[in-house]
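Participant: File final_34.cif follows (mmCIF, C-alpha atoms):
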data_query
loop_
_atom_site.group_PDB
_atom_site.id
_atom_site.type_symbol
_atom_site.label_atom_id
_atom_site.label_comp_id
_atom_site.auth_asym_id
_atom_site.auth_seq_id
_atom_site.Cartn_x
_atom_site.Cartn_y
_atom_site.Cartn_z
ATOM 1 C CA MET A 15 0.000 0.000 0.000
ATOM 2 C CA THR A 16 2.694 2.495 1.038
ATOM 3 C CA LYS A 17 4.814 1.477 -1.942
ATOM 4 C CA LYS A 18 1.953 2.294 -4.276
ATOM 5 C CA ARG A 19 1.453 5.614 -2.591
ATOM 6 C CA ILE A 20 5.146 6.511 -2.972
ATOM 7 C CA THR A 21 5.169 5.680 -6.669
ATOM 8 C CA LEU A 22 2.027 7.760 -7.097
ATOM 9 C CA VAL A 23 3.654 10.770 -5.377
ATOM 10 C CA ILE A 24 6.799 10.391 -7.500
ATOM 11 C CA LEU A 25 4.684 10.163 -10.633
ATOM 12 C CA ILE A 26 2.744 13.317 -9.764
ATOM 13 C CA LEU A 27 5.961 15.210 -8.928
ATOM 14 C CA GLY A 28 7.435 14.035 -12.238
ATOM 15 C CA ILE A 29 4.438 15.309 -14.173
ATOM 16 C CA ILE A 30 4.544 18.671 -12.381
ATOM 17 C CA GLY A 31 8.290 18.911 -13.028
ATOM 18 C CA ALA A 32 7.896 18.146 -16.720
ATOM 19 C CA PHE A 33 5.091 20.688 -16.956
ATOM 20 C CA VAL A 34 7.170 23.423 -15.292
ATOM 21 C CA ALA A 35 10.155 22.632 -17.524
ATOM 22 C CA TYR A 36 7.943 22.755 -20.613
ATOM 23 C CA LYS A 37 6.461 26.091 -19.500
ATOM 24 C CA MET A 38 9.923 27.533 -18.890
ATOM 25 C CA TYR A 39 11.192 26.303 -22.260
ATOM 26 C CA ASN A 40 8.257 27.985 -23.948
ATOM 27 C CA LYS A 41 8.337 31.118 -21.814
ATOM 28 C CA PRO A 42 6.825 33.906 -23.925
ATOM 29 C CA HIS A 43 8.613 37.102 -24.922
ATOM 30 C CA VAL A 44 7.825 40.297 -23.058
ATOM 31 C CA ASP A 45 4.595 41.706 -24.458
ATOM 32 C CA VAL A 46 5.471 45.364 -25.026
ATOM 33 C CA ALA A 47 1.862 46.398 -25.694
ATOM 34 C CA ASP A 48 0.623 44.983 -22.378
ATOM 35 C CA SER A 49 3.597 45.951 -20.212
ATOM 36 C CA LYS A 50 4.065 49.138 -18.272
ATOM 37 C CA SER A 51 6.910 51.356 -19.489
ATOM 38 C CA ASP A 52 10.027 51.232 -17.311
ATOM 39 C CA ILE A 53 11.231 54.659 -18.407
ATOM 40 C CA VAL A 54 9.439 57.629 -19.979
ATOM 41 C CA ILE A 55 11.816 59.914 -21.873
ATOM 42 C CA SER A 56 12.150 62.299 -24.834
ATOM 43 C CA ALA A 57 13.997 61.241 -28.010
ATOM 44 C CA ASP A 58 16.420 64.088 -27.430
ATOM 45 C CA LYS A 59 17.323 63.057 -23.875
ATOM 46 C CA ILE A 60 17.929 59.372 -24.604
ATOM 47 C CA GLN A 61 20.073 60.204 -27.641
ATOM 48 C CA SER A 62 22.223 62.673 -25.700
ATOM 49 C CA ASP A 63 22.562 60.205 -22.795
ATOM 50 C CA PHE A 64 23.927 57.590 -25.187
ATOM 51 C CA SER A 65 26.256 59.972 -27.004
ATOM 52 C CA THR A 66 27.769 61.371 -23.781
ATOM 53 C CA ASN A 67 28.290 58.081 -21.927
ATOM 54 C CA GLU A 68 27.415 54.942 -23.799
ATOM 55 C CA ASN A 69 28.373 52.495 -21.028
ATOM 56 C CA LEU A 70 26.253 54.257 -18.433
ATOM 57 C CA ALA A 71 23.347 54.545 -20.862
ATOM 58 C CA ASN A 72 23.690 50.841 -21.710
ATOM 59 C CA SER A 73 23.249 49.885 -18.063
ATOM 60 C CA ASN A 74 20.336 52.295 -17.661
ATOM 61 C CA TYR A 75 18.341 51.578 -20.790
ATOM 62 C CA LEU A 76 19.213 48.195 -22.342
ATOM 63 C CA GLU A 77 16.388 45.645 -22.433
ATOM 64 C CA LYS A 78 14.076 48.108 -20.691
ATOM 65 C CA ILE A 79 10.683 49.106 -22.033
ATOM 66 C CA ILE A 80 11.179 52.728 -23.021
ATOM 67 C CA GLU A 81 8.364 55.154 -23.748
ATOM 68 C CA VAL A 82 9.832 57.765 -26.050
ATOM 69 C CA SER A 83 8.331 60.909 -27.542
ATOM 70 C CA GLY A 84 9.615 63.075 -30.365
ATOM 71 C CA GLU A 85 9.072 64.525 -33.787
ATOM 72 C CA ILE A 86 8.970 62.148 -36.770
ATOM 73 C CA SER A 87 11.754 62.885 -39.250
ATOM 74 C CA GLU A 88 11.362 59.804 -41.437
ATOM 75 C CA LEU A 89 8.962 56.926 -42.030
ATOM 76 C CA THR A 90 10.370 53.895 -43.850
ATOM 77 C CA LEU A 91 9.239 50.426 -44.720
ATOM 78 C CA GLU A 92 11.987 47.808 -44.891
ATOM 79 C CA ASN A 93 11.105 44.147 -45.538
ATOM 80 C CA LYS A 94 7.459 44.943 -44.714
ATOM 81 C CA LYS A 95 8.472 46.261 -41.296
ATOM 82 C CA GLY A 96 7.937 49.885 -40.353
ATOM 83 C CA ILE A 97 10.724 52.078 -39.012
ATOM 84 C CA ILE A 98 10.124 55.503 -37.478
ATOM 85 C CA THR A 99 13.055 57.892 -37.158
ATOM 86 C CA LEU A 100 12.731 60.470 -34.393
ATOM 87 C CA LYS A 101 14.477 63.810 -34.673
ATOM 88 C CA THR A 102 16.892 64.997 -31.984
ATOM 89 C CA ASN A 103 18.971 68.146 -31.491
ATOM 90 C CA ASP A 104 22.010 66.177 -32.609
ATOM 91 C CA ASP A 105 22.642 66.522 -36.354
ATOM 92 C CA PHE A 106 23.718 62.933 -36.850
ATOM 93 C CA GLY A 107 22.103 60.877 -34.122
ATOM 94 C CA SER A 108 18.436 60.033 -33.944
ATOM 95 C CA VAL A 109 16.205 57.418 -32.367
ATOM 96 C CA LEU A 110 15.302 54.529 -34.677
ATOM 97 C CA CYS A 111 12.077 52.791 -33.694
ATOM 98 C CA HIS A 112 11.485 49.422 -35.358
ATOM 99 C CA LEU A 113 7.759 48.741 -35.222
ATOM 100 C CA SER A 114 5.940 45.531 -34.384
ATOM 101 C CA ASP A 115 3.845 43.957 -37.169
ATOM 102 C CA ASN A 116 0.734 45.311 -35.538
ATOM 103 C CA SER A 117 2.013 48.881 -35.342
ATOM 104 C CA THR A 118 3.442 48.747 -38.875
ATOM 105 C CA GLN A 119 -0.131 48.577 -40.148
ATOM 106 C CA LYS A 120 -0.972 51.739 -38.239
ATOM 107 C CA MET A 121 2.021 53.618 -39.637
ATOM 108 C CA ASN A 122 0.023 55.185 -42.484
ATOM 109 C CA THR A 123 -1.832 57.323 -39.931
ATOM 110 C CA LEU A 124 1.444 59.083 -39.060
ATOM 111 C CA LYS A 125 3.060 62.018 -40.840
ATOM 112 C CA VAL A 126 6.617 63.338 -41.026
ATOM 113 C CA GLY A 127 7.034 66.448 -38.875
ATOM 114 C CA LYS A 128 4.291 65.440 -36.427
ATOM 115 C CA PRO A 129 4.944 64.439 -32.823
ATOM 116 C CA VAL A 130 4.587 60.789 -31.831
ATOM 117 C CA ARG A 131 4.755 58.679 -28.672
ATOM 118 C CA LEU A 132 5.995 55.096 -28.869
ATOM 119 C CA LYS A 133 7.172 52.368 -26.579
ATOM 120 C CA GLY A 134 9.669 49.656 -27.331
ATOM 121 C CA ILE A 135 12.680 47.722 -26.062
ATOM 122 C CA CYS A 136 16.066 49.424 -26.227
ATOM 123 C CA THR A 137 18.816 47.205 -27.711
ATOM 124 C CA GLY A 138 21.639 49.754 -27.859
ATOM 125 C CA TYR A 139 23.389 52.548 -29.704
ATOM 126 C CA LEU A 140 25.172 52.495 -33.054
ATOM 127 C CA MET A 141 24.866 55.811 -34.906
ATOM 128 C CA ASP A 142 21.414 56.089 -33.402
ATOM 129 C CA VAL A 143 19.595 54.781 -30.371
ATOM 130 C CA ILE A 144 17.727 51.638 -31.394
ATOM 131 C CA LEU A 145 14.370 50.506 -30.075
ATOM 132 C CA VAL A 146 12.726 47.285 -31.267
ATOM 133 C CA LYS A 147 9.220 45.798 -31.047
ATOM 134 C CA CYS A 148 7.807 49.315 -30.866
ATOM 135 C CA GLU A 149 4.121 50.033 -30.381
ATOM 136 C CA ILE A 150 2.591 53.361 -31.352
ATOM 137 C CA ILE A 151 0.847 54.941 -28.359
ATOM 138 C CA ASN A 152 -0.392 58.080 -30.109
ATOM 139 C CA MET B 25 50.991 81.497 -47.667
ATOM 140 C CA LYS B 26 49.387 80.789 -50.990
ATOM 141 C CA THR B 27 50.501 77.206 -50.958
ATOM 142 C CA ILE B 28 48.887 76.718 -47.545
ATOM 143 C CA TYR B 29 45.574 77.925 -48.930
ATOM 144 C CA THR B 30 45.922 75.714 -51.949
ATOM 145 C CA VAL B 31 46.620 72.743 -49.705
ATOM 146 C CA LEU B 32 43.689 73.626 -47.429
ATOM 147 C CA ILE B 33 41.292 73.997 -50.334
ATOM 148 C CA TYR B 34 42.566 70.755 -51.790
ATOM 149 C CA PHE B 35 41.867 68.932 -48.517
ATOM 150 C CA LEU B 36 38.466 70.558 -48.214
ATOM 151 C CA PHE B 37 37.497 69.348 -51.664
ATOM 152 C CA THR B 38 38.841 65.852 -51.260
ATOM 153 C CA SER B 39 37.020 65.462 -47.948
ATOM 154 C CA LEU B 40 33.810 66.659 -49.600
ATOM 155 C CA ILE B 41 34.210 64.135 -52.385
ATOM 156 C CA CYS B 42 34.898 61.353 -49.897
ATOM 157 C CA ALA B 43 31.812 62.286 -47.895
ATOM 158 C CA GLN B 44 29.700 61.802 -50.992
ATOM 159 C CA GLU B 45 31.083 58.390 -51.664
ATOM 160 C CA ARG B 46 29.928 56.832 -48.438
ATOM 161 C CA TYR B 47 27.193 54.260 -48.694
ATOM 162 C CA LEU B 48 25.336 53.207 -45.589
ATOM 163 C CA THR B 49 22.515 51.145 -44.157
ATOM 164 C CA LYS B 50 21.112 51.271 -40.651
ATOM 165 C CA ASN B 51 18.720 48.392 -41.288
ATOM 166 C CA GLY B 52 21.008 45.653 -42.487
ATOM 167 C CA SER B 53 19.995 42.145 -41.572
ATOM 168 C CA ILE B 54 21.999 39.277 -40.125
ATOM 169 C CA THR B 55 20.512 35.867 -39.436
ATOM 170 C CA PHE B 56 22.168 32.909 -37.844
ATOM 171 C CA PHE B 57 21.026 29.371 -37.906
ATOM 172 C CA SER B 58 21.927 26.248 -35.995
ATOM 173 C CA SER B 59 20.311 22.939 -36.746
ATOM 174 C CA THR B 60 20.624 19.775 -34.695
ATOM 175 C CA PRO B 61 18.367 16.725 -34.498
ATOM 176 C CA ILE B 62 17.136 18.073 -31.135
ATOM 177 C CA GLU B 63 16.215 21.603 -32.108
ATOM 178 C CA ASP B 64 16.636 24.354 -34.673
ATOM 179 C CA ILE B 65 17.760 27.742 -33.448
ATOM 180 C CA LYS B 66 17.366 30.838 -35.548
ATOM 181 C CA ALA B 67 17.845 34.496 -34.691
ATOM 182 C CA ASP B 68 17.368 37.670 -36.721
ATOM 183 C CA ASN B 69 18.884 41.082 -36.333
ATOM 184 C CA ASN B 70 17.485 43.798 -38.600
ATOM 185 C CA GLN B 71 19.292 46.764 -37.083
ATOM 186 C CA VAL B 72 22.798 46.232 -38.381
ATOM 187 C CA LEU B 73 24.834 49.307 -39.304
ATOM 188 C CA SER B 74 27.078 48.903 -42.326
ATOM 189 C CA ILE B 75 29.147 51.539 -44.100
ATOM 190 C CA ILE B 76 31.082 51.251 -47.362
ATOM 191 C CA ASP B 77 33.533 53.879 -48.528
ATOM 192 C CA ALA B 78 33.155 53.629 -52.286
ATOM 193 C CA SER B 79 36.415 55.419 -52.977
ATOM 194 C CA SER B 80 38.560 52.855 -51.167
ATOM 195 C CA GLY B 81 36.310 49.796 -50.844
ATOM 196 C CA LYS B 82 36.619 49.859 -47.070
ATOM 197 C CA MET B 83 33.759 48.365 -45.127
ATOM 198 C CA ALA B 84 32.721 48.727 -41.469
ATOM 199 C CA ILE B 85 29.891 46.853 -39.778
ATOM 200 C CA SER B 86 28.475 47.243 -36.256
ATOM 201 C CA ILE B 87 26.089 44.743 -34.699
ATOM 202 C CA LEU B 88 24.162 45.020 -31.431
ATOM 203 C CA MET B 89 24.075 41.600 -29.782
ATOM 204 C CA LYS B 90 20.834 42.396 -27.974
ATOM 205 C CA SER B 91 19.138 43.059 -31.303
ATOM 206 C CA PHE B 92 19.152 39.343 -32.155
ATOM 207 C CA MET B 93 15.563 38.171 -31.858
ATOM 208 C CA PHE B 94 14.870 34.492 -31.168
ATOM 209 C CA LYS B 95 11.620 32.610 -31.430
ATOM 210 C CA LYS B 96 11.852 31.475 -27.829
ATOM 211 C CA ALA B 97 12.476 33.984 -25.039
ATOM 212 C CA LEU B 98 14.558 31.465 -23.106
ATOM 213 C CA MET B 99 16.965 30.991 -26.021
ATOM 214 C CA GLN B 100 17.390 34.748 -26.290
ATOM 215 C CA GLU B 101 18.075 34.954 -22.554
ATOM 216 C CA HIS B 102 20.692 32.181 -22.677
ATOM 217 C CA PHE B 103 22.310 33.702 -25.768
ATOM 218 C CA ASN B 104 22.698 37.119 -24.135
ATOM 219 C CA GLU B 105 23.495 36.085 -20.585
ATOM 220 C CA ASN B 106 25.545 32.911 -20.948
ATOM 221 C CA TYR B 107 26.949 32.567 -24.435
ATOM 222 C CA VAL B 108 27.911 35.921 -25.905
ATOM 223 C CA GLU B 109 27.693 37.835 -22.582
ATOM 224 C CA SER B 110 26.172 40.894 -24.215
ATOM 225 C CA ASP B 111 26.315 43.007 -21.064
ATOM 226 C CA LYS B 112 30.095 42.735 -21.212
ATOM 227 C CA TYR B 113 30.379 42.704 -24.998
ATOM 228 C CA PRO B 114 27.348 44.584 -26.352
ATOM 229 C CA LYS B 115 28.593 44.804 -29.933
ATOM 230 C CA ALA B 116 30.148 42.674 -32.611
ATOM 231 C CA THR B 117 32.070 44.461 -35.330
ATOM 232 C CA PHE B 118 33.681 43.867 -38.683
ATOM 233 C CA LYS B 119 36.294 46.145 -40.181
ATOM 234 C CA GLY B 120 37.837 45.362 -43.495
ATOM 235 C CA ARG B 121 37.845 45.941 -47.196
ATOM 236 C CA ILE B 122 36.333 44.632 -50.355
ATOM 237 C CA LEU B 123 38.919 43.225 -52.739
ATOM 238 C CA ASP B 124 38.820 44.434 -56.353
ATOM 239 C CA PHE B 125 35.974 46.772 -55.453
ATOM 240 C CA ASP B 126 36.350 48.765 -58.678
ATOM 241 C CA THR B 127 35.613 45.769 -60.857
ATOM 242 C CA ILE B 128 32.201 45.107 -59.284
ATOM 243 C CA GLU B 129 29.467 45.723 -61.812
ATOM 244 C CA LEU B 130 25.818 46.692 -61.715
ATOM 245 C CA THR B 131 24.704 43.124 -62.037
ATOM 246 C CA LYS B 132 25.381 40.576 -59.362
ATOM 247 C CA SER B 133 29.022 39.703 -59.063
ATOM 248 C CA LYS B 134 31.077 37.921 -56.487
ATOM 249 C CA ALA B 135 33.862 39.592 -54.569
ATOM 250 C CA LYS B 136 36.017 38.729 -51.612
ATOM 251 C CA VAL B 137 35.843 40.686 -48.382
ATOM 252 C CA THR B 138 38.691 40.492 -45.937
ATOM 253 C CA GLY B 139 39.091 41.978 -42.483
ATOM 254 C CA THR B 140 38.751 41.581 -38.734
ATOM 255 C CA LEU B 141 35.632 40.128 -37.176
ATOM 256 C CA THR B 142 35.197 40.798 -33.449
ATOM 257 C CA ILE B 143 32.643 38.815 -31.461
ATOM 258 C CA HIS B 144 32.588 38.262 -27.695
ATOM 259 C CA GLY B 145 35.675 40.464 -27.326
ATOM 260 C CA ILE B 146 37.776 38.230 -29.559
ATOM 261 C CA SER B 147 39.102 39.348 -32.942
ATOM 262 C CA LYS B 148 39.796 37.083 -35.864
ATOM 263 C CA GLU B 149 40.911 37.682 -39.416
ATOM 264 C CA ILE B 150 38.424 36.355 -41.937
ATOM 265 C CA THR B 151 38.071 36.347 -45.703
ATOM 266 C CA ILE B 152 34.716 35.496 -47.191
ATOM 267 C CA GLU B 153 33.026 35.667 -50.549
ATOM 268 C CA ALA B 154 29.923 37.817 -50.958
ATOM 269 C CA ASN B 155 27.528 38.828 -53.729
ATOM 270 C CA PHE B 156 27.655 42.461 -54.756
ATOM 271 C CA ALA B 157 25.470 44.665 -56.926
ATOM 272 C CA LYS B 158 26.624 48.223 -57.370
ATOM 273 C CA SER B 159 24.996 51.281 -58.872
ATOM 274 C CA LYS B 160 25.012 55.002 -58.203
ATOM 275 C CA GLU B 161 21.955 54.740 -55.936
ATOM 276 C CA ALA B 162 22.799 51.574 -54.049
ATOM 277 C CA ILE B 163 25.372 48.966 -53.123
ATOM 278 C CA ASN B 164 23.724 45.682 -52.211
ATOM 279 C CA VAL B 165 25.695 42.952 -50.500
ATOM 280 C CA ASP B 166 24.606 39.530 -49.371
ATOM 281 C CA GLY B 167 26.200 36.237 -48.519
ATOM 282 C CA GLU B 168 26.869 33.739 -45.805
ATOM 283 C CA PHE B 169 29.744 32.338 -43.807
ATOM 284 C CA ILE B 170 30.441 30.007 -40.927
ATOM 285 C CA VAL B 171 31.337 31.080 -37.409
ATOM 286 C CA ASN B 172 33.037 28.530 -35.203
ATOM 287 C CA LEU B 173 31.946 29.157 -31.609
ATOM 288 C CA ALA B 174 35.221 27.964 -30.066
ATOM 289 C CA ASP B 175 37.162 30.491 -32.194
ATOM 290 C CA PHE B 176 35.434 33.280 -30.320
ATOM 291 C CA ASN B 177 35.639 31.564 -26.944
ATOM 292 C CA ILE B 178 31.873 31.091 -26.788
ATOM 293 C CA LYS B 179 31.334 28.179 -24.427
ATOM 294 C CA ILE B 180 28.280 25.985 -24.615
ATOM 295 C CA PRO B 181 27.599 23.957 -21.444
ATOM 296 C CA ALA B 182 27.830 20.181 -21.895
ATOM 297 C CA VAL B 183 24.135 19.751 -20.969
ATOM 298 C CA VAL B 184 22.955 21.605 -24.060
ATOM 299 C CA SER B 185 25.920 20.897 -26.338
ATOM 300 C CA LYS B 186 23.778 18.490 -28.355
ATOM 301 C CA ASN B 187 21.217 21.259 -28.980
ATOM 302 C CA ILE B 188 23.608 23.744 -30.562
ATOM 303 C CA GLN B 189 25.913 23.310 -33.543
ATOM 304 C CA GLU B 190 29.585 24.103 -33.097
ATOM 305 C CA ASN B 191 29.691 25.862 -36.444
ATOM 306 C CA ILE B 192 26.941 28.394 -36.908
ATOM 307 C CA LYS B 193 25.795 29.502 -40.341
ATOM 308 C CA VAL B 194 25.519 33.281 -40.507
ATOM 309 C CA SER B 195 23.837 35.003 -43.437
ATOM 310 C CA PHE B 196 23.726 38.708 -44.116
ATOM 311 C CA LYS B 197 22.038 41.184 -46.408
ATOM 312 C CA PHE B 198 22.897 44.887 -46.546
ATOM 313 C CA ASN B 199 21.273 47.342 -48.934
ATOM 314 C CA HIS B 200 23.465 50.436 -48.720
ATOM 315 C CA LYS B 201 22.211 53.822 -49.866
ATOM 316 C CA PRO B 202 24.305 56.948 -50.491
ATOM 317 C CA TYR B 203 24.834 58.753 -47.201
ATOM 318 C CA LYS B 204 23.380 62.230 -47.176
ATOM 319 C CA LYS B 205 23.285 64.849 -44.434
#
In structure tokens, write the structure found in this file.

Facilitator:
Amino acid sequence: MTKKRITLVILILGIIGAFVAYKMYNKPHVDVADSKSDIVISADKIQSDFSTNENLANSNYLEKIIEVSGEISELTLENKKGIITLKTNDDFGSVLCHLSDNSTQKMNTLKVGKPVRLKGICTGYLMDVILVKCEIIN
Amino acid sequence: MKTIYTVLIYFLFTSLICAQERYLTKNGSITFFSSTPIEDIKADNNQVLSIIDASSGKMAISILMKSFMFKKALMQEHFNENYVESDKYPKATFKGRILDFDTIELTKSKAKVTGTLTIHGISKEITIEANFAKSKEAINVDGEFIVNLADFNIKIPAVVSKNIQENIKVSFKFNHKPYKK
């Protein structure tokens, strides 16, 4: 009787373990649209933070959900994915926002020269600050 | 005095000409692929910066490691935290030049690119063959090559060594446009 009970407990634990492992293996990506922004900032500020001290900015902004606002200087479509370039005071640097599939479809409502608010995940700084998986807020 | 001015003007003009001959993309794409009987791993990066100086054939590429997007969040986490340590080494770079750049034609032609590839803080000389198409409005480059993980001191734990190939196929596609501003 006790032997049966022990095997039953082990079996149940095994099933739970396998289930947890499976869940972890298939852990979903962060849903930008449903998550709260970690940092709210202007395009100008984040660009100047990266250009003055990239290492510090990396530790502050990388992999965070950033809500950024600025003026649209360019709207492009590359491989069916929308990219919004935000103007900054810096002549060369800007903020490049790579849109999610969902937001790419809404890109036609936007116009160059108009202000926009987006949120996305910051992956770093090359010539520009780069945000991916961006959602248009307004 | 006059000669100084002449020299200055000369430099001014040459630098202007050089500035016009830069071709650039901020949205280049790099994909890597590993296939084992256990699982396939694929990651895309569509934010690669690549610059070609058309006067000399020099090429410079910058890649953000955190811009590689995986299908599974856990793979992306392991890639960044354990394998390439992107907090410590946030970028991979390539600096080099295109051989026989002047002979590349409008239509697709093959050319060799040679230079230094730096991943995970380790630099290695590589020479690869890529497809080029050159015109006044664009320089398009694509191709693929193999990266050996051990070459760049990227360690894969024994537990998952069967899930990841030792040699990773990397493919790239850059559509450079003339740089204006």

Participant: For Lys101 in chain A, please output as a ChimeraX atom specification all residues within 9 Å (counting all atoms listed in the file; exclusion window: fewer than 3 positions along the same chain).

Facilitator: /A:57-58,84-88,104-105,107-109,127

Participant: Between range 48-144 of chain B and range 159-169 of chain B, at 12 Å or less, what are the per-residue closest atom pairs and their distances in Å? Count all atoms listed in the file, order by chain and rising residue number, and return it as CSV.

Facilitator:
residue,atom,partner,partner_atom,distance
B:Leu48,CA,B:Ile163,CA,8.6
B:Thr49,CA,B:Ile163,CA,9.7
B:Gly52,CA,B:Val165,CA,9.7
B:Ser53,CA,B:Asp166,CA,9.4
B:Ile54,CA,B:Glu168,CA,9.3
B:Thr55,CA,B:Glu168,CA,9.2
B:Phe56,CA,B:Glu168,CA,9.3
B:Phe57,CA,B:Glu168,CA,10.8
B:Ser74,CA,B:Val165,CA,10.2
B:Ile75,CA,B:Ile163,CA,10.1
B:Ile76,CA,B:Ile163,CA,8.4
B:Asp77,CA,B:Ile163,CA,10.6
B:Ala78,CA,B:Ile163,CA,9.1
B:Gly81,CA,B:Ile163,CA,11.2
B:Met83,CA,B:Val165,CA,11.1
B:Ile122,CA,B:Val165,CA,10.8
B:Phe125,CA,B:Ile163,CA,11.1
B:Asp126,CA,B:Ser159,CA,11.6
B:Ile128,CA,B:Ser159,CA,9.5
B:Glu129,CA,B:Ser159,CA,7.7
B:Leu130,CA,B:Ser159,CA,5.5
B:Thr131,CA,B:Ser159,CA,8.8
B:Lys132,CA,B:Asn164,CA,8.9
B:Ser133,CA,B:Val165,CA,9.7
B:Lys134,CA,B:Gly167,CA,9.5
B:Ala135,CA,B:Val165,CA,9.7
B:Lys136,CA,B:Gly167,CA,10.6
B:Val137,CA,B:Val165,CA,10.6
B:Leu141,CA,B:Phe169,CA,11.8

Participant: Interatomic distance between CA of Asn172 in chain B and CA of Glu77 in chain A?

Facilitator: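 Distance reported for this atom pair: 27.1 Å.
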
Participant: Restricting the calculation to only C-alpha atoms: of A:Met121, A:Leu132, A:Ile98, A:Leu22, which residue gets closest to chain B?

Facilitator: A:Ile98

Participant: For Asp48 in chain A, find every residue with an atom within 12 Å (counting all atoms listed in the file), except residues of its own chain fewer than 3 positions away, and show them as a list of chain:residue names.

Facilitator: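 Selected residues are A:His43, A:Val44, A:Asp45, A:Ser51, A:Ile79, A:Lys133, A:Gly134, A:Cys148, A:Glu149, A:Ile151.
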
Participant: Deliver the residues from the most recent selection as a file, using C-alpha atoms, as a PDB file, keeping the file's coordinate frame.

Facilitator:
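That gives us part-v3.pdb:
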ATOM      1  CA  HIS A  43       8.613  37.102 -24.922  1.00  0.00           C
ATOM      2  CA  VAL A  44       7.825  40.297 -23.058  1.00  0.00           C
ATOM      3  CA  ASP A  45       4.595  41.706 -24.458  1.00  0.00           C
ATOM      4  CA  SER A  51       6.910  51.356 -19.489  1.00  0.00           C
ATOM      5  CA  ILE A  79      10.683  49.106 -22.033  1.00  0.00           C
ATOM      6  CA  LYS A 133       7.172  52.368 -26.579  1.00  0.00           C
ATOM      7  CA  GLY A 134       9.669  49.656 -27.331  1.00  0.00           C
ATOM      8  CA  CYS A 148       7.807  49.315 -30.866  1.00  0.00           C
ATOM      9  CA  GLU A 149       4.121  50.033 -30.381  1.00  0.00           C
ATOM     10  CA  ILE A 151       0.847  54.941 -28.359  1.00  0.00           C
TER      11      ILE A 151
END

Participant: Using all atoms listed in the file, I'd like a table of the residues in chain B that come within 8 Å of chain A; for each, show the closest atom pair and its distance in Å rounded to one decimal, ordered by chain and ascending number, as CSV.

Facilitator:
residue,atom,partner,partner_atom,distance
B:Asn51,CA,A:Glu92,CA,7.7
B:Gln71,CA,A:Ile144,CA,7.7
B:Leu73,CA,A:Leu140,CA,7.0
B:Ser86,CA,A:Leu140,CA,7.0
B:Ile87,CA,A:Leu140,CA,8.0
B:Leu88,CA,A:Gly138,CA,6.4
B:Met89,CA,A:Thr137,CA,8.0
B:Lys90,CA,A:Thr137,CA,5.2
B:Ser91,CA,A:Thr137,CA,5.5
B:Lys96,CA,A:Asn40,CA,6.3
B:Ala97,CA,A:His43,CA,5.0
B:Leu98,CA,A:Tyr39,CA,6.2
B:Pro114,CA,A:Gly138,CA,7.8
B:Lys205,CA,A:Phe106,CA,7.8

Participant: When you draw a straight line from CA of Met93 in chain B to CA of Ile178 in chain B, how long is it in Å?

Facilitator: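 CA of Met93 in chain B sits 18.5 Å away from CA of Ile178 in chain B.
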
Participant: Grab the CA of Ile188 in chain B to CA of Ala35 in chain A distance for me, in Å with one decimal place.

Facilitator: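 These two atoms are separated by 18.8 Å.
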
Participant: Could you tell me which of A:Asn103, A:Ile60, A:Leu89, A:Ala32 comes closest to Leu124 in chain A if we count all atoms listed in the file?

Facilitator: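 For Leu124 in chain A, the nearest of the candidates is A:Leu89.
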
Participant: Would you please work out which residue, of B:Val72, B:Phe156, B:Phe176, B:Lys186, is nearest to Lys50 in chain B when using all atoms listed in the file?

Facilitator: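 Of B:Val72, B:Phe156, B:Phe176, B:Lys186, the one nearest Lys50 in chain B, counting all atoms listed in the file, is B:Val72.
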
Participant: Taking the file as shown, what set of residues would the PyMOL selection byres ((chain B and resi 65) around 10) give back, as number ranges by chain?

Facilitator: B: 56-60, 62-64, 66-67, 94-96, 99, 187-189, 192

Participant: Of the residues B:Thr117, B:Tyr47, B:Ile85, B:Asp111, which is the one nearest to Ala71 in chain A, using only C-alpha atoms?

Facilitator: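 Using only C-alpha atoms, the shortest distance to Ala71 in chain A belongs to B:Asp111.
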
Participant: Using all atoms listed in the file, find the one residue out of B:Asn104, B:Asn177, B:Glu45, B:Lys115 that sits nearest to Glu68 in chain A.

Facilitator: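 For Glu68 in chain A, the nearest of the candidates is B:Lys115.
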
Participant: I need the residue nearest Lys82 in chain B from this list: B:Lys204, B:Lys112, B:Arg121, B:Lys193. Use only C-alpha atoms for the distance.

Facilitator: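 Under the stated criterion, the closest residue is B:Arg121.
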
Participant: Could you tell me which residues the PyMOL selection byres ((chain B and resi 142-150) around 6) grabs in this file, written as an mmCIF file with C-alpha atoms, in the coordinates of the input?

Facilitator:
data_model
loop_
_atom_site.group_PDB
_atom_site.id
_atom_site.type_symbol
_atom_site.label_atom_id
_atom_site.label_comp_id
_atom_site.auth_asym_id
_atom_site.auth_seq_id
_atom_site.Cartn_x
_atom_site.Cartn_y
_atom_site.Cartn_z
ATOM 1 C CA VAL B 108 27.911 35.921 -25.905
ATOM 2 C CA TYR B 113 30.379 42.704 -24.998
ATOM 3 C CA ALA B 116 30.148 42.674 -32.611
ATOM 4 C CA THR B 117 32.070 44.461 -35.330
ATOM 5 C CA THR B 138 38.691 40.492 -45.937
ATOM 6 C CA GLY B 139 39.091 41.978 -42.483
ATOM 7 C CA THR B 140 38.751 41.581 -38.734
ATOM 8 C CA LEU B 141 35.632 40.128 -37.176
ATOM 9 C CA THR B 151 38.071 36.347 -45.703
ATOM 10 C CA PHE B 176 35.434 33.280 -30.320
#
